[in-house]
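Enquirer: Shown below is the structure under consideration.
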Number of protein chains: 2
Amino acid sequence: MKQSSSTRVKEPTSAEAEAYSYVLKRIRAGELKPGVRLRAEDIATQIGMSRMPVREAFRRLDTEGYVTIRPNRGAIVTDHTFEEIQELFEIRSVLEGLATRLAVEHIGPPEIEEMRELLRRMRKGQKNAEDWLSRHWAFHEYICSLSGRKRLVREIERLHAALEPFLRLWFFHANRPVVAIRDHQELMNVIETGDAAKAEAAMREHVLITAPRIIEFLQRRDDT
Amino acid sequence: MKQSSSTRVKEPTSAEAEAYSYVLKRIRAGELKPGVRLRAEDIATQIGMSRMPVREAFRRLDTEGYVTIRPNRGAIVTDHTFEEIQELFEIRSVLEGLATRLAVEHIGPPEIEEMRELLRRMRKGQKNAEDWLSRHWAFHEYICSLSGRKRLVREIERLHAALEPFLRLWFFHANRPVVAIRDHQELMNVIETGDAAKAEAAMREHVLITAPRIIEFLQRRDDT
DNA sequence: GTTTGGATACCTGTATACAAGCATGCTAGA
DNA sequence: TCTAGCATGCTTGTATACAGGTATCCAAAC
């Protein structure tokens with residue numbers, strides 16, 4: 001019970017890392033909206049450090065696409081155009097397709113069972129947007145990780161994080177989980193057959209099918 | 001003729017940008033070999049600035065995969081394992097495949113002619129490794145850019161840059177250009193047919209075919 | 001009333017100063 | 001002679017200070 005006073009409970013590896021995850025978390029959660037200006041000074045004081053580690057975090061966030069640094073004019077939360085969102089979905093589709101194809105040969109009965117379990121959890125989390133989002137990603141991540149390709153999974157994770165705010169918006173306003181569950185069920189059916197090429201194609205299609213839905217939603221939203 | 005004295009000929013936008021391109025250039029050129037330690041202080045003095053912009057450049061280079069920052073232990077040039085190189089080729093193959101598929105509908109006679117010209121230049125540059133490398137990339141980049149997808153091209157460019165040192169090594173020691181030219185010719189033939197799906201498949205195969213060759217070469221090299 | 005120019009305040013970018021962690025080498029003991 | 005422990009020097013990481021650029025606001029002129 002008396003571990004706290006001098007012992008730190010959860011030591012973040014570095015100030016930069018703390019700043020990074022703090023900002024990213026808030027962007028992913030949609031708290032920091034696209035176009036919003038990020039003042040290093042403000043964030044630094046919020047989490048109790050100087051501007052410097054925050055600046056470095058900005059650099060990382062910039063190369064990863066979450067933040068856009070404008071020379072001499074500070075950083076803003078990246079505001080993706082519809083074309084860019086479309087592009088992110090396209091890239092995600094081929095990368096997840098690749099991961100799925102490579103995963104197939106590592107999929108046996110226990111993996112199938114795990115996927116079923118993840119799908120069940122998704123179904124149960126339909127009511128709550130946050131639950132659904134995290135469980136949906138858990139499902140995809142599990143399949144991708146079965147490819148055994150670490151770098152690939154990392155790239156996919158990045159794309160997913162970039163798209164998450166839009167998925168969230170869409171999920172909150174339009175109400176599409178029912179259809180989504182069916183889509184995932186069908187995807188699983190194909191993967192279960194063990195046909196790598198078909199699984200790849202199915203995953204591609206599965207990812208791409210969401211793009212026009214979301215973009216149309218965002219466009220309608222912008223008009224009003 | 002008298003533009004120089006007070007006017008700067010080529011103003012690098014910022015110190016960070018200068019540090020970034022300086023380090024990346026030396027990594028891509030193979031001057032800075034994998035595993036080599038990067039001391040911010042040294043690089044800073046080499047190009048006449050303080051450590052700080054160099055640190056920030058390191059962050060970017062780290063997220064892009066060229067450099068690995070080890071907490072409290074400085075930065076080193078990323079030393080890819082064979083598995084990672086394989087993975088980079090796999091990712092490149094699907095992304096360039098995607099770009100090619102999307103490019104097909106924007107390819108008409110003038111684009112075909114341009115591609116032929118780039119191929120001719122590649123053929124002429126066979127003797128010199130640097131010429132061949134840059135022209136080879138120019139050929140691929142042109143096709144990818146026809147997709148009209150900026151982000152996609154950027155990602156592909158990154159992968160290419162990461163693989164460049166290995167391509168260079170391979171090109172210098174093994175002598176592959178003859179076979180390589182034929183491969184590219186065949187790739188072009190498929191693209192010319194205007195069949196998007198076939199073009200995608202051809203580009204995928206084209207990119208992947210190099211992977212085992214290079215990896216085998218690197219492995220033999222490591223053994224000695 | 002609108003637009004252009006300039007002054008000022010603020011913010012960004014870079015340098016330097018300071019603190020903390022890691023590595024190397026030396027000493028002492030087995 | 002070899003190993004363990006400690007001290008010291010060097011490098012990294014963070015904070016602060018300073019310089020340079022940008023934006024905003026107000027005034028003056030068209």
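By convention here, the chains of the structure tokens are called A, B, ... in the order presented, each chain's residues are numbered starting at 1, and ligands are numbered starting at 1 in the order presented.
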With only C-alpha atoms (C1' of nucleotides) counted and 9 Å as the cut-off, give the residues of chain B in contact with chain D, each with its shortest interatomic distance in Å and the pair that gives it, as JSON lines.

Expert:
{"residue": "B:Arg39", "atom": "CA", "partner": "D:DT11", "partner_atom": "C1'", "distance": 8.6}
{"residue": "B:Pro71", "atom": "CA", "partner": "D:DT12", "partner_atom": "C1'", "distance": 8.5}
{"residue": "B:Asn72", "atom": "CA", "partner": "D:DT12", "partner_atom": "C1'", "distance": 5.3}
{"residue": "B:Arg73", "atom": "CA", "partner": "D:DT12", "partner_atom": "C1'", "distance": 6.6}
{"residue": "B:Gly74", "atom": "CA", "partner": "D:DT12", "partner_atom": "C1'", "distance": 6.5}

Enquirer: If we count only C-alpha atoms (C1' of nucleotides), which residues of chain B reach to within 9 Å of chain C? Please list them as a list in words.

Expert: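 That gives Ser14, Ala15, Met49, Ser50, Arg51, Met52, Pro53, Asn72 and Arg73 of chain B for chain B.
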
Enquirer: Return the single residue from B:Tyr66, B:His140, B:Leu118, B:Pro212 that is closest to Lys25 of chain B, with distances computed using only C-alpha atoms.

Expert: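 Result for the nearest residue to Lys25 of chain B: B:Tyr66.
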
Enquirer: Identify every residue of chain B that has at least one atom within 9 Å of any atom of chain A, counting only C-alpha atoms, and report the result as a PyMOL selection string.

Expert: chain B and resi 13-14+55-57+59-60+62-64+71+83-84+87-88+90-91+94-95+97-98+149-152

Enquirer: What separation in Å, quoted to one decimal, exists between atom CA of Arg70 of chain A and atom CA of Leu38 of chain A?

Expert: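 Rounded to one decimal, the two atoms are 11.2 Å apart.
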
Enquirer: Using only C-alpha atoms, which residue out of B:Glu105, B:Asn189, B:Ile85, B:Glu164 lies closest to Arg26 of chain B?

Expert: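 Ranking B:Glu105, B:Asn189, B:Ile85, B:Glu164 by distance to Arg26 of chain B, first place goes to B:Glu164.
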
Enquirer: Quick check, in Å to one decimal: how far apart do atom CA of Gly194 of chain B and atom CA of Leu163 of chain B lie?

Expert: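 Separating atom CA of Gly194 of chain B from atom CA of Leu163 of chain B is a distance of 29.0 Å.
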
Enquirer: Using only C-alpha atoms (C1' of nucleotides), which protein or nucleic acid residues come within 10 Å of segment 109-111 of chain A? Drop anything in the same chain fewer than 6 positions from it, and give the result as a PDB file with N, CA and C atoms, in the first residue's frame.

Expert:
ATOM      1  N   GLU A 117     -14.031 -15.369 -31.416  1.00  0.00           N
ATOM      2  CA  GLU A 117     -14.195 -14.721 -30.113  1.00  0.00           C
ATOM      3  C   GLU A 117     -14.150 -13.200 -30.250  1.00  0.00           C
ATOM      4  N   TYR A 142      -5.444  -8.525 -35.031  1.00  0.00           N
ATOM      5  CA  TYR A 142      -5.131  -9.939 -34.801  1.00  0.00           C
ATOM      6  C   TYR A 142      -4.824 -10.642 -36.111  1.00  0.00           C
ATOM      7  N   ILE A 143      -5.672 -10.438 -37.088  1.00  0.00           N
ATOM      8  CA  ILE A 143      -5.447 -11.060 -38.402  1.00  0.00           C
ATOM      9  C   ILE A 143      -4.105 -10.612 -38.975  1.00  0.00           C
ATOM     10  N   LEU A 146      -1.013 -12.114 -37.498  1.00  0.00           N
ATOM     11  CA  LEU A 146      -0.761 -13.512 -37.861  1.00  0.00           C
ATOM     12  C   LEU A 146       0.147 -13.629 -39.083  1.00  0.00           C
ATOM     13  N   GLU A 192     -11.463 -18.438 -43.588  1.00  0.00           N
ATOM     14  CA  GLU A 192     -11.527 -19.815 -43.085  1.00  0.00           C
ATOM     15  C   GLU A 192     -11.289 -20.858 -44.170  1.00  0.00           C
TER      16      GLU A 192
END

Enquirer: List the neighbours of Val104 of chain A out to 8 Å using only C-alpha atoms (C1' of nucleotides); skip same-chain residues closer than 6 positions along the sequence, and give me the result as a compact mmCIF listing (two decimals) with N, CA and C atoms, in the first residue's frame.

Expert:
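Result file follows (out.txt):
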# COMPACT_ATOMS: atom_id res chain seq x y z
N LEU A 146 -1.01 -12.11 -37.50
CA LEU A 146 -0.76 -13.51 -37.86
C LEU A 146 0.15 -13.63 -39.08
N SER A 147 0.33 -12.53 -39.79
CA SER A 147 1.25 -12.55 -40.93
C SER A 147 2.69 -12.70 -40.46
N ILE A 191 -11.72 -16.22 -45.17
CA ILE A 191 -10.42 -16.53 -44.59
C ILE A 191 -10.36 -17.99 -44.13
N GLY A 194 -9.07 -20.89 -46.25
CA GLY A 194 -7.64 -21.17 -46.38
C GLY A 194 -7.09 -20.81 -47.74
N ASP A 195 -7.91 -20.20 -48.58
CA ASP A 195 -7.44 -19.78 -49.89
C ASP A 195 -6.81 -18.38 -49.78
N ALA A 196 -5.48 -18.34 -49.90
CA ALA A 196 -4.76 -17.09 -49.64
C ALA A 196 -5.18 -15.97 -50.59
N ALA A 199 -8.64 -14.75 -49.79
CA ALA A 199 -8.63 -14.02 -48.52
C ALA A 199 -8.10 -12.61 -48.72

Enquirer: Extract the full set of strand (DSSP E or B) residues from segment 66-106 of chain A according to DSSP on the backbone, and format it as a list in words.

Expert: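 Those residues are Val67, Thr68, Ile69, Ala75, Ile76 and Val77 of chain A.
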
Enquirer: Take the residues from that selection and write them out as a PDB file, in the first residue's frame, keeping N, CA and C atoms.

Expert:
ATOM      1  N   VAL A  67      -0.030  15.296 -37.781  1.00  0.00           N
ATOM      2  CA  VAL A  67       0.156  16.723 -37.564  1.00  0.00           C
ATOM      3  C   VAL A  67       0.876  17.302 -38.775  1.00  0.00           C
ATOM      4  N   THR A  68       0.602  18.548 -39.074  1.00  0.00           N
ATOM      5  CA  THR A  68       1.291  19.197 -40.186  1.00  0.00           C
ATOM      6  C   THR A  68       2.065  20.399 -39.655  1.00  0.00           C
ATOM      7  N   ILE A  69       3.373  20.362 -39.837  1.00  0.00           N
ATOM      8  CA  ILE A  69       4.196  21.482 -39.390  1.00  0.00           C
ATOM      9  C   ILE A  69       4.389  22.439 -40.561  1.00  0.00           C
ATOM     10  N   ALA A  75       2.415  24.187 -35.748  1.00  0.00           N
ATOM     11  CA  ALA A  75       1.834  22.905 -36.122  1.00  0.00           C
ATOM     12  C   ALA A  75       0.319  22.950 -35.993  1.00  0.00           C
ATOM     13  N   ILE A  76      -0.348  22.251 -36.898  1.00  0.00           N
ATOM     14  CA  ILE A  76      -1.792  22.088 -36.793  1.00  0.00           C
ATOM     15  C   ILE A  76      -2.131  20.607 -36.919  1.00  0.00           C
ATOM     16  N   VAL A  77      -3.286  20.229 -36.414  1.00  0.00           N
ATOM     17  CA  VAL A  77      -3.759  18.864 -36.614  1.00  0.00           C
ATOM     18  C   VAL A  77      -4.079  18.707 -38.096  1.00  0.00           C
TER      19      VAL A  77
END

Enquirer: In Å to one decimal, how far is atom CA of Arg204 of chain B from atom CA of Ile156 of chain B?

Expert: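 Going from atom CA of Ile156 of chain B over to atom CA of Arg204 of chain B covers 12.9 Å.
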
Enquirer: Step one, run DSSP on the backbone; step two, keep only residues of segment 8-181 of chain A assigned to alpha helix (DSSP H); then write them as a ChimeraX atom specification.

Expert: /A:15-28,40-46,51-63,82-104,109-124,129-145,150-173,177-181

Enquirer: Can you pull out the residues contacting Gly125 of chain B? Cut-off 8 Å, using only C-alpha atoms (C1' of nucleotides), and skip same-chain residues under 5 positions away; I want them as a list in words.

Expert: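 Skipping anything fewer than 5 positions along the chain leaves Asp131, Trp132 and Arg135 of chain B.
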
Enquirer: With N, CA and C atoms retained, export the selected residues as a PDB file, in the first residue's frame.

Expert:
ATOM      1  N   ASP B 131      24.118   6.154 -62.016  1.00  0.00           N
ATOM      2  CA  ASP B 131      23.202   6.493 -63.110  1.00  0.00           C
ATOM      3  C   ASP B 131      22.043   5.514 -63.157  1.00  0.00           C
ATOM      4  N   TRP B 132      22.394   4.260 -63.102  1.00  0.00           N
ATOM      5  CA  TRP B 132      21.351   3.243 -63.222  1.00  0.00           C
ATOM      6  C   TRP B 132      20.340   3.376 -62.083  1.00  0.00           C
ATOM      7  N   ARG B 135      18.088   6.448 -62.553  1.00  0.00           N
ATOM      8  CA  ARG B 135      17.186   6.302 -63.705  1.00  0.00           C
ATOM      9  C   ARG B 135      16.154   5.206 -63.470  1.00  0.00           C
TER      10      ARG B 135
END
